[in-house]
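Here is the file data.cif (mmCIF, C-alpha atoms).
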data_run
loop_
_atom_site.group_PDB
_atom_site.id
_atom_site.type_symbol
_atom_site.label_atom_id
_atom_site.label_comp_id
_atom_site.auth_asym_id
_atom_site.auth_seq_id
_atom_site.Cartn_x
_atom_site.Cartn_y
_atom_site.Cartn_z
ATOM 1 C CA MET J 108 60.125 137.927 93.665
ATOM 2 C CA ASN J 109 63.485 136.754 95.032
ATOM 3 C CA GLY J 110 65.218 134.422 92.618
ATOM 4 C CA ARG J 111 62.843 135.108 89.734
ATOM 5 C CA LYS J 112 63.752 137.603 87.054
ATOM 6 C CA LEU J 113 61.151 139.621 85.217
ATOM 7 C CA GLY J 114 62.720 138.624 81.933
ATOM 8 C CA ARG J 115 61.131 135.204 82.367
ATOM 9 C CA GLY J 116 57.865 136.520 83.760
ATOM 10 C CA LEU J 117 55.795 135.949 80.634
ATOM 11 C CA ASP J 118 57.390 132.611 79.824
ATOM 12 C CA ALA J 119 56.491 131.435 83.303
ATOM 13 C CA LEU J 120 52.998 132.768 82.816
ATOM 14 C CA ILE J 121 52.354 131.118 79.425
ATOM 15 C CA ARG J 122 53.380 127.491 79.111
ATOM 16 C CA ARG J 123 53.713 127.343 75.350
ATOM 17 C CA THR J 124 54.087 123.555 75.214
ATOM 18 C CA GLU J 125 50.369 123.042 75.779
ATOM 19 C CA GLU J 126 48.097 123.499 72.764
ATOM 20 C CA ILE J 127 44.380 123.228 72.374
ATOM 21 C CA PRO J 128 43.287 120.412 70.014
ATOM 22 C CA PRO J 129 41.682 121.620 66.756
ATOM 23 C CA GLY J 130 37.989 122.391 67.108
ATOM 24 C CA GLN J 131 37.976 122.109 70.893
ATOM 25 C CA THR J 132 38.065 125.709 72.109
ATOM 26 C CA PRO J 133 36.069 125.804 75.356
ATOM 27 C CA PRO J 134 33.946 128.853 76.194
ATOM 28 C CA PRO J 135 35.381 131.163 78.876
ATOM 29 C CA GLU J 136 32.702 130.155 81.334
ATOM 30 C CA THR J 137 34.001 126.595 81.417
ATOM 31 C CA ALA J 138 37.708 127.404 81.301
ATOM 32 C CA SER J 139 39.418 126.724 84.603
ATOM 33 C CA VAL J 140 41.482 129.444 86.184
ATOM 34 C CA ASP J 141 45.283 129.069 85.846
ATOM 35 C CA THR J 142 45.012 127.055 82.650
ATOM 36 C CA SER J 143 47.150 127.339 79.546
ATOM 37 C CA VAL J 144 44.263 126.575 77.210
ATOM 38 C CA VAL J 145 43.461 129.293 74.696
ATOM 39 C CA VAL J 146 39.866 130.476 74.831
ATOM 40 C CA HIS J 147 38.029 133.267 73.014
ATOM 41 C CA VAL J 148 36.311 136.156 74.780
ATOM 42 C CA ASP J 149 34.670 139.448 73.886
ATOM 43 C CA PRO J 150 37.417 142.129 74.083
ATOM 44 C CA ALA J 151 34.860 144.575 75.455
ATOM 45 C CA ARG J 152 34.777 142.445 78.611
ATOM 46 C CA ILE J 153 38.504 142.841 79.211
ATOM 47 C CA GLN J 154 39.445 145.696 81.506
ATOM 48 C CA PRO J 155 42.799 147.468 80.952
ATOM 49 C CA ASN J 156 45.647 146.611 83.267
ATOM 50 C CA GLN J 157 45.676 149.275 85.970
ATOM 51 C CA ASN J 158 49.379 148.553 86.513
ATOM 52 C CA GLN J 159 50.295 149.152 82.867
ATOM 53 C CA PRO J 160 53.537 151.148 83.043
ATOM 54 C CA ARG J 161 53.118 152.563 79.558
ATOM 55 C CA THR J 162 50.898 155.650 79.425
ATOM 56 C CA GLN J 163 51.338 156.656 75.770
ATOM 57 C CA PHE J 164 50.369 154.619 72.742
ATOM 58 C CA ASP J 165 51.252 155.529 69.176
ATOM 59 C CA ASP J 166 48.001 155.732 67.194
ATOM 60 C CA THR J 167 49.862 155.034 63.962
ATOM 61 C CA ALA J 168 51.454 151.903 65.431
ATOM 62 C CA ILE J 169 48.080 150.714 66.739
ATOM 63 C CA ALA J 170 46.570 151.256 63.279
ATOM 64 C CA GLU J 171 49.387 149.247 61.699
ATOM 65 C CA LEU J 172 48.858 146.450 64.212
ATOM 66 C CA SER J 173 45.124 146.525 63.454
ATOM 67 C CA ARG J 174 45.840 145.999 59.758
ATOM 68 C CA SER J 175 48.175 143.133 60.599
ATOM 69 C CA ILE J 176 45.561 141.488 62.819
ATOM 70 C CA ALA J 177 42.904 141.948 60.135
ATOM 71 C CA THR J 178 45.147 140.044 57.721
ATOM 72 C CA ASP J 179 46.823 137.428 59.903
ATOM 73 C CA GLY J 180 44.753 137.347 63.082
ATOM 74 C CA ILE J 181 46.159 137.540 66.623
ATOM 75 C CA ILE J 182 49.172 135.236 66.638
ATOM 76 C CA GLN J 183 50.008 135.536 70.352
ATOM 77 C CA PRO J 184 47.015 135.286 72.730
ATOM 78 C CA LEU J 185 46.383 137.968 75.305
ATOM 79 C CA VAL J 186 46.870 137.033 78.958
ATOM 80 C CA VAL J 187 44.047 137.891 81.357
ATOM 81 C CA ARG J 188 42.891 137.153 84.868
ATOM 82 C CA ARG J 189 39.283 136.668 85.891
ATOM 83 C CA VAL J 190 37.837 139.509 87.994
ATOM 84 C CA SER J 191 34.181 138.454 87.943
ATOM 85 C CA ASP J 192 31.921 136.006 86.165
ATOM 86 C CA GLY J 193 32.562 136.624 82.482
ATOM 87 C CA ASP J 194 34.758 139.711 83.023
ATOM 88 C CA PHE J 195 38.524 139.859 82.922
ATOM 89 C CA GLU J 196 41.456 142.161 83.570
ATOM 90 C CA LEU J 197 44.334 142.347 81.117
ATOM 91 C CA VAL J 198 47.701 141.059 82.305
ATOM 92 C CA ALA J 199 49.657 141.303 79.048
ATOM 93 C CA GLY J 200 48.777 142.451 75.536
ATOM 94 C CA GLU J 201 47.595 146.069 75.776
ATOM 95 C CA ARG J 202 48.455 146.918 72.149
ATOM 96 C CA ARG J 203 46.725 143.802 70.845
ATOM 97 C CA LEU J 204 43.637 144.616 72.905
ATOM 98 C CA ARG J 205 43.508 148.200 71.622
ATOM 99 C CA ALA J 206 43.988 147.055 68.040
ATOM 100 C CA SER J 207 41.235 144.450 68.440
ATOM 101 C CA LEU J 208 38.811 147.022 69.809
ATOM 102 C CA LYS J 209 39.714 149.358 66.951
ATOM 103 C CA LEU J 210 38.865 146.580 64.495
ATOM 104 C CA GLY J 211 35.596 145.826 66.283
ATOM 105 C CA LEU J 212 36.451 142.156 66.806
ATOM 106 C CA GLU J 213 33.818 140.167 68.650
ATOM 107 C CA LYS J 214 36.248 137.589 70.042
ATOM 108 C CA VAL J 215 39.970 137.533 70.834
ATOM 109 C CA PRO J 216 42.147 134.602 71.940
ATOM 110 C CA VAL J 217 43.195 134.743 75.584
ATOM 111 C CA ILE J 218 44.865 132.621 78.204
ATOM 112 C CA ILE J 219 43.280 132.906 81.648
ATOM 113 C CA ARG J 220 45.759 132.801 84.501
ATOM 114 C CA GLU J 221 45.705 133.113 88.259
ATOM 115 C CA VAL J 222 47.644 136.302 88.951
ATOM 116 C CA ASP J 223 47.514 138.113 92.283
ATOM 117 C CA ASP J 224 47.760 141.883 92.628
ATOM 118 C CA GLN J 225 51.393 141.707 93.701
ATOM 119 C CA ARG J 226 52.467 140.142 90.406
ATOM 120 C CA MET J 227 50.499 142.405 88.063
ATOM 121 C CA LEU J 228 53.053 145.237 87.866
ATOM 122 C CA PRO J 229 56.104 142.965 87.435
ATOM 123 C CA LEU J 230 54.414 141.065 84.608
ATOM 124 C CA ALA J 231 53.219 144.187 82.811
ATOM 125 C CA LEU J 232 56.692 145.679 83.175
ATOM 126 C CA ALA J 233 58.299 142.473 81.921
ATOM 127 C CA GLU J 234 56.319 142.514 78.690
ATOM 128 C CA ASN J 235 57.184 146.105 77.903
ATOM 129 C CA ILE J 236 60.856 145.793 78.820
ATOM 130 C CA GLN J 237 61.192 142.732 76.620
ATOM 131 C CA ARG J 238 59.729 144.660 73.689
ATOM 132 C CA GLU J 239 61.397 147.980 74.553
ATOM 133 C CA ASP J 240 58.063 149.771 74.166
ATOM 134 C CA LEU J 241 58.381 152.174 77.081
ATOM 135 C CA ASN J 242 59.727 155.683 76.702
ATOM 136 C CA PRO J 243 62.449 156.627 79.244
ATOM 137 C CA ILE J 244 60.074 158.398 81.654
ATOM 138 C CA GLU J 245 57.538 155.551 81.631
ATOM 139 C CA LEU J 246 60.349 153.099 82.253
ATOM 140 C CA ALA J 247 61.733 155.209 85.099
ATOM 141 C CA ARG J 248 58.297 155.469 86.724
ATOM 142 C CA ALA J 249 57.768 151.725 86.352
ATOM 143 C CA TYR J 250 61.140 151.034 87.947
ATOM 144 C CA ARG J 251 60.303 153.369 90.821
ATOM 145 C CA ALA J 252 56.877 151.783 91.341
ATOM 146 C CA LEU J 253 58.394 148.316 91.305
ATOM 147 C CA GLN J 254 61.164 149.371 93.676
ATOM 148 C CA GLN J 255 58.724 150.953 96.118
ATOM 149 C CA SER J 256 56.167 148.144 95.908
ATOM 150 C CA PHE J 257 58.686 145.475 96.873
ATOM 151 C CA ALA J 258 61.199 147.553 98.864
ATOM 152 C CA LEU J 259 63.990 146.665 96.445
ATOM 153 C CA THR J 260 67.451 148.154 96.340
ATOM 154 C CA GLN J 261 68.765 149.207 92.948
ATOM 155 C CA GLU J 262 70.938 146.097 92.899
ATOM 156 C CA GLN J 263 67.927 143.856 93.581
ATOM 157 C CA LEU J 264 65.838 145.668 90.995
ATOM 158 C CA ALA J 265 68.607 145.274 88.418
ATOM 159 C CA GLU J 266 68.705 141.550 89.140
ATOM 160 C CA GLN J 267 64.939 141.250 88.724
ATOM 161 C CA VAL J 268 64.742 143.019 85.376
ATOM 162 C CA GLY J 269 68.000 141.667 83.991
ATOM 163 C CA LYS J 270 69.654 145.078 83.629
ATOM 164 C CA LYS J 271 72.892 146.577 84.925
ATOM 165 C CA ARG J 272 72.567 148.569 88.135
ATOM 166 C CA SER J 273 74.127 151.577 86.400
ATOM 167 C CA SER J 274 71.395 151.406 83.743
ATOM 168 C CA ILE J 275 68.705 151.373 86.445
ATOM 169 C CA ALA J 276 70.332 154.296 88.262
ATOM 170 C CA ASN J 277 70.670 156.372 85.084
ATOM 171 C CA THR J 278 67.049 155.726 84.131
ATOM 172 C CA LEU J 279 65.741 156.649 87.596
ATOM 173 C CA ARG J 280 67.671 159.937 87.413
ATOM 174 C CA PHE J 281 65.359 161.107 84.616
ATOM 175 C CA LEU J 282 62.720 161.595 87.326
ATOM 176 C CA GLU J 283 64.911 164.387 88.748
ATOM 177 C CA LEU J 284 64.246 166.477 85.636
ATOM 178 C CA ASP J 285 61.682 169.263 85.711
ATOM 179 C CA GLU J 286 58.218 168.419 84.444
ATOM 180 C CA GLY J 287 58.642 170.274 81.153
ATOM 181 C CA ILE J 288 61.815 168.378 80.327
ATOM 182 C CA GLN J 289 60.180 165.082 81.325
ATOM 183 C CA ASP J 290 57.304 165.862 78.955
ATOM 184 C CA SER J 291 59.756 166.513 76.108
ATOM 185 C CA LEU J 292 61.471 163.212 76.813
ATOM 186 C CA MET J 293 58.193 161.323 77.116
ATOM 187 C CA ASN J 294 56.941 162.741 73.826
ATOM 188 C CA ARG J 295 60.305 161.946 72.206
ATOM 189 C CA ILE J 296 60.919 165.615 71.368
ATOM 190 C CA ILE J 297 64.313 165.166 72.980
ATOM 191 C CA SER J 298 66.273 161.958 73.386
ATOM 192 C CA ALA J 299 67.673 160.201 76.434
ATOM 193 C CA GLY J 300 71.064 161.534 75.331
ATOM 194 C CA HIS J 301 69.783 165.118 75.566
ATOM 195 C CA ALA J 302 68.278 164.371 78.990
ATOM 196 C CA LYS J 303 71.530 162.929 80.348
ATOM 197 C CA LEU J 304 73.390 166.081 79.317
ATOM 198 C CA LEU J 305 70.729 168.295 80.911
ATOM 199 C CA LEU J 306 71.129 166.350 84.146
ATOM 200 C CA SER J 307 74.756 167.488 84.194
ATOM 201 C CA VAL J 308 73.472 171.038 84.746
ATOM 202 C CA SER J 309 72.829 171.239 88.491
ATOM 203 C CA ASP J 310 71.018 174.583 88.572
ATOM 204 C CA HIS J 311 67.343 174.005 87.715
ATOM 205 C CA LYS J 312 66.800 177.439 86.184
ATOM 206 C CA GLU J 313 69.895 177.141 84.026
ATOM 207 C CA ARG J 314 68.881 173.608 83.036
ATOM 208 C CA GLY J 315 65.503 174.900 81.901
ATOM 209 C CA GLU J 316 67.206 177.575 79.810
ATOM 210 C CA TRP J 317 69.382 174.980 78.094
ATOM 211 C CA HIS J 318 66.272 172.908 77.441
ATOM 212 C CA GLN J 319 64.530 175.824 75.757
ATOM 213 C CA LYS J 320 67.614 176.659 73.721
ATOM 214 C CA LEU J 321 68.075 173.115 72.405
ATOM 215 C CA LEU J 322 64.394 173.045 71.414
ATOM 216 C CA SER J 323 64.498 176.396 69.622
ATOM 217 C CA ARG J 324 67.686 175.533 67.754
ATOM 218 C CA SER J 325 66.831 171.856 67.102
ATOM 219 C CA TRP J 326 70.159 170.783 68.566
ATOM 220 C CA THR J 327 71.441 167.257 68.241
ATOM 221 C CA VAL J 328 72.963 165.583 71.294
ATOM 222 C CA ARG J 329 76.396 166.503 69.947
ATOM 223 C CA ASP J 330 75.366 170.134 69.489
ATOM 224 C CA LEU J 331 74.184 170.343 73.098
ATOM 225 C CA ASP J 332 77.293 168.606 74.397
ATOM 226 C CA GLU J 333 79.579 171.028 72.552
ATOM 227 C CA ALA J 334 77.614 174.069 73.719
ATOM 228 C CA LEU J 335 77.747 172.884 77.334
ATOM 229 C CA ARG J 336 81.473 172.237 77.110
ATOM 230 C CA MET J 337 82.069 175.687 75.641
ATOM 231 C CA SER J 338 80.024 177.297 78.384
ATOM 232 C CA LYS J 339 82.014 175.502 81.097
ATOM 233 C CA THR J 340 85.281 176.473 79.439
ATOM 234 C CA GLN J 341 84.274 180.131 79.321
ATOM 235 C CA GLY J 342 82.940 180.048 82.854
ATOM 236 C CA THR J 343 80.142 182.429 81.889
ATOM 237 C CA PRO J 344 76.338 182.106 82.029
ATOM 238 C CA PRO J 345 75.270 180.073 78.968
ATOM 239 C CA LEU J 346 72.136 181.748 77.797
ATOM 240 C CA THR J 347 70.450 184.819 79.142
ATOM 241 C CA GLY J 348 73.191 186.169 81.411
ATOM 242 C CA LYS J 349 74.521 189.480 80.103
ATOM 243 C CA LYS J 350 77.417 191.485 81.364
ATOM 244 C CA ASP J 351 76.502 194.385 83.559
ATOM 245 C CA ALA J 352 77.636 197.401 81.503
ATOM 246 C CA SER J 353 78.372 199.350 84.668
ATOM 247 C CA LYS J 354 80.659 196.597 86.040
ATOM 248 C CA GLY J 355 82.786 195.722 83.034
ATOM 249 C CA LYS J 356 86.467 195.068 83.598
ATOM 250 C CA ASN J 357 88.662 198.141 83.459
ATOM 251 C CA GLY J 358 85.543 200.267 83.182
ATOM 252 C CA SER J 359 84.924 199.149 79.606
ATOM 253 C CA GLY J 360 81.694 197.176 80.143
ATOM 254 C CA THR J 361 79.558 199.359 77.864
ATOM 255 C CA HIS J 362 82.043 199.061 75.023
ATOM 256 C CA ILE J 363 82.227 195.249 75.370
ATOM 257 C CA VAL J 364 78.455 194.821 75.295
ATOM 258 C CA ALA J 365 78.276 197.069 72.223
ATOM 259 C CA GLU J 366 80.974 195.059 70.459
ATOM 260 C CA GLU J 367 79.268 191.760 71.285
ATOM 261 C CA THR J 368 76.006 193.083 69.891
ATOM 262 C CA ARG J 369 77.666 194.437 66.736
ATOM 263 C CA LEU J 370 79.602 191.238 66.007
ATOM 264 C CA GLY J 371 76.607 189.101 66.850
ATOM 265 C CA LEU J 372 74.475 190.929 64.292
ATOM 266 C CA VAL J 373 77.149 190.595 61.611
ATOM 267 C CA LEU J 374 77.779 186.896 62.237
ATOM 268 C CA GLY J 375 74.229 185.895 63.114
ATOM 269 C CA THR J 376 75.223 184.059 66.288
ATOM 270 C CA LYS J 377 76.170 184.686 69.898
ATOM 271 C CA VAL J 378 79.549 186.373 70.333
ATOM 272 C CA SER J 379 81.342 186.900 73.641
ATOM 273 C CA VAL J 380 84.194 189.361 74.071
ATOM 274 C CA LEU J 381 86.307 188.360 77.056
ATOM 275 C CA GLU J 382 88.897 190.803 78.383
ATOM 276 C CA SER J 383 92.141 189.621 79.919
ATOM 277 C CA ALA J 384 93.553 190.973 83.160
ATOM 278 C CA GLU J 385 96.262 192.503 80.971
ATOM 279 C CA LYS J 386 94.900 195.676 79.401
ATOM 280 C CA GLY J 387 94.304 195.515 75.674
ATOM 281 C CA ARG J 388 94.251 191.703 75.548
ATOM 282 C CA GLY J 389 91.435 189.148 75.514
ATOM 283 C CA LYS J 390 89.606 186.811 73.197
ATOM 284 C CA ILE J 391 86.491 186.629 71.061
ATOM 285 C CA VAL J 392 84.310 183.523 71.395
ATOM 286 C CA ILE J 393 81.988 182.812 68.471
ATOM 287 C CA GLU J 394 79.359 180.121 69.043
ATOM 288 C CA PHE J 395 78.186 177.698 66.365
ATOM 289 C CA TYR J 396 75.579 174.991 66.735
ATOM 290 C CA SER J 397 76.078 172.556 63.874
ATOM 291 C CA THR J 398 78.515 171.688 61.098
ATOM 292 C CA ASP J 399 76.533 173.793 58.644
ATOM 293 C CA ASP J 400 76.546 176.706 61.078
ATOM 294 C CA TYR J 401 80.331 176.444 61.430
ATOM 295 C CA GLU J 402 80.825 176.411 57.667
ATOM 296 C CA ARG J 403 78.577 179.454 57.316
ATOM 297 C CA LEU J 404 80.573 181.380 59.910
ATOM 298 C CA SER J 405 83.847 180.283 58.330
ATOM 299 C CA ARG J 406 82.735 181.679 54.969
ATOM 300 C CA ILE J 407 81.798 184.988 56.570
ATOM 301 C CA ILE J 408 85.065 185.327 58.449
ATOM 302 C CA VAL J 409 87.369 184.127 55.685
ATOM 303 C CA GLY J 410 85.505 185.496 52.690
ATOM 304 C CA GLY J 411 83.835 188.503 54.241
ATOM 305 C CA SER J 412 80.481 187.428 52.808
ATOM 306 C CA GLY J 413 77.369 185.839 54.207
ATOM 307 C CA SER J 414 76.581 184.017 51.004
#
Mind turning the file's structure into structure tokens?
Amino acid sequence: MNGRKLGRGLDALIRRTEEIPPGQTPPPETASVDTSVVVHVDPARIQPNQNQPRTQFDDTAIAELSRSIATDGIIQPLVVRRVSDGDFELVAGERRLRASLKLGLEKVPVIIREVDDQRMLPLALAENIQREDLNPIELARAYRALQQSFALTQEQLAEQVGKKRSSIANTLRFLELDEGIQDSLMNRIISAGHAKLLLSVSDHKERGEWHQKLLSRSWTVRDLDEALRMSKTQGTPPLTGKKDASKGKNGSGTHIVAEETRLGLVLGTKVSVLESAEKGRGKIVIEFYSTDDYERLSRIIVGGSGS
């Protein structure tokens, strides 16, 4: 792989300058291996690529592609390698293959190439990176598999895929997230921006609590960022941590908890009452989670009404 970037993997695989003359499409049985001639094969005889880095496929997108193929045909041939007489394994074109099977096509255009096992993952990864089809977790797992398969450093991997090393490092860090958070990211329930902020929380339990809170409140990335900043400024547990009533400062813990509860019920949000070391002084922290939430609280405080 040294000296060859994945970004050119498919171009190197398909020499687009060669075209088959009209009416001269040879059957797959007579097509020579490692040829650029387009032939037509039964899609049912094409096995999926076992090295496909993408694990999730949008059914709606596949249906849309099926309608496009039904109207315009398959514009770009699939790329396959021969695994036995008359049977093939997919190298590139998973979505086109799925759409073709959904349509019940009897033949699809393919280019048969000689591809060894070592090149299967890089080529499958190249196609998806070029089209930006992978979700962040799939991309991170593909990077890790590629890195481990070829003993690449992050710098070498970045060179191969045509990305900055910092981008590779940030993507690989998503694999440090707990499984539940990875699932949310994979299913696009949260964004990469959410995930990056969650990675800033070192404690796994606390990180999981922030994850649950952003899901329940439908926080944007900005909402989560602001809440995290506020929590760090206060220096108090962000979610479930409650003051021990028996250990409140100056012996007033019970009163503080009661006031927080009372104000929280009135304002409809979390309220923290923080005492100062100087008796009789402190501050009240009122949390809000969106612009609309802030405006609602402002109306309550200024106008004395929740309307």
*To one decimal in Å, tell me the separation between CA of Gln154 (chain J) and CA of Val186 (chain J).*
11.7 Å
*Quote the spacing between CA of Val380 (chain J) and CA of Arg324 (chain J) in Å to one decimal place.*
22.4 Å
_So the first atom is CA of Asp223 (chain J) and the second is CA of Thr260 (chain J); what is the distance between them in Å, to one decimal place?_
22.7 Å
*Check the smallest atom-to-atom distance from each of J:Ile218, J:Leu292, J:Leu306, J:Val190 to Arg280 (chain J) using all atoms listed in the file, then report the winner.*
J:Leu306
*Evaluate the PyMOL selection byres ((chain J and resi 198) around 8) and record the selected residues as an MDAnalysis selection string, following the chain and residue labels used in the document.*
chainID J and resid 156 185:188 196:197 199:200 227 230:231
Emit as JSON the padded axis-aligned box for all listed atoms of region 180-194 of chain J, 3 Å per side, with centre and edge lengths in Å to one decimal.
{"center_x": 41.0, "center_y": 137.5, "center_z": 75.5, "size_x": 24.1, "size_y": 10.5, "size_z": 30.9}
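Distances to Ile219 (chain J) were evaluated for J:Ala302, J:Leu172, J:Val148, J:Leu279 using only C-alpha atoms, and the minimum falls at J:Val148.
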*Neighbours of Thr327 (chain J) within 12 Å (all atoms listed in the file; same-chain residues fewer than 2 positions away dropped), as a count of residues only?*
24
*Place a sphere of radius 12 Å on (65.8, 176.4, 83.9) in the file coordinates and name every protein, DNA or RNA residue with an atom inside or on its surface, counting all atoms listed in the file; give the answer as a PyMOL selection string.*
chain J and resi 284-288+305-306+308-320+345-347
Using the selection just defined, write its residues with C-alpha atoms as a PDB file, in the frame of the given file.
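After the write, out-v1.pdb holds the following:
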ATOM      1  CA  LEU J 284      64.246 166.477  85.636  1.00  0.00           C
ATOM      2  CA  ASP J 285      61.682 169.263  85.711  1.00  0.00           C
ATOM      3  CA  GLU J 286      58.218 168.419  84.444  1.00  0.00           C
ATOM      4  CA  GLY J 287      58.642 170.274  81.153  1.00  0.00           C
ATOM      5  CA  ILE J 288      61.815 168.378  80.327  1.00  0.00           C
ATOM      6  CA  LEU J 305      70.729 168.295  80.911  1.00  0.00           C
ATOM      7  CA  LEU J 306      71.129 166.350  84.146  1.00  0.00           C
ATOM      8  CA  VAL J 308      73.472 171.038  84.746  1.00  0.00           C
ATOM      9  CA  SER J 309      72.829 171.239  88.491  1.00  0.00           C
ATOM     10  CA  ASP J 310      71.018 174.583  88.572  1.00  0.00           C
ATOM     11  CA  HIS J 311      67.343 174.005  87.715  1.00  0.00           C
ATOM     12  CA  LYS J 312      66.800 177.439  86.184  1.00  0.00           C
ATOM     13  CA  GLU J 313      69.895 177.141  84.026  1.00  0.00           C
ATOM     14  CA  ARG J 314      68.881 173.608  83.036  1.00  0.00           C
ATOM     15  CA  GLY J 315      65.503 174.900  81.901  1.00  0.00           C
ATOM     16  CA  GLU J 316      67.206 177.575  79.810  1.00  0.00           C
ATOM     17  CA  TRP J 317      69.382 174.980  78.094  1.00  0.00           C
ATOM     18  CA  HIS J 318      66.272 172.908  77.441  1.00  0.00           C
ATOM     19  CA  GLN J 319      64.530 175.824  75.757  1.00  0.00           C
ATOM     20  CA  LYS J 320      67.614 176.659  73.721  1.00  0.00           C
ATOM     21  CA  PRO J 345      75.270 180.073  78.968  1.00  0.00           C
ATOM     22  CA  LEU J 346      72.136 181.748  77.797  1.00  0.00           C
ATOM     23  CA  THR J 347      70.450 184.819  79.142  1.00  0.00           C
TER      24      THR J 347
END
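Counting all atoms listed in the file, the residue from J:Lys339, J:Lys303, J:His362, J:Arg203 that sits nearest to Ala177 (chain J) is J:Arg203.
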Could you name the residues that touch region 205-209 of chain J at 7 Å or less, counting all atoms listed in the file, but leaving out those on the same chain fewer than 5 positions away, as a tab-separated table (two decimals) with C-alpha atoms, keeping the file's coordinate frame?
chain	number	residue	atom	x	y	z
J	150	PRO	CA	37.42	142.13	74.08
J	169	ILE	CA	48.08	150.71	66.74
J	170	ALA	CA	46.57	151.26	63.28
J	172	LEU	CA	48.86	146.45	64.21
J	173	SER	CA	45.12	146.52	63.45
_Residues in the PyMOL selection byres ((chain J and resi 193) around 9), expressed as a count of residues only_ = 10
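Checking J:Leu264, J:Ile244, J:Ile363, J:Val328 one by one against Asp290 (chain J), counting all atoms listed in the file, you find the shortest gap at J:Ile244.
Of the residues under consideration (J:Ser291, J:Gln254, J:Asn242, J:Thr376), J:Gln254 shows the shortest atom-to-atom contact distance to Val268 (chain J) when counting all atoms listed in the file.
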_the PyMOL selection byres ((chain J and resi 375) around 10) applied to the shown file, residues as a PyMOL selection string_ = chain J and resi 369-374+376-378+393-395+400+403-404+413
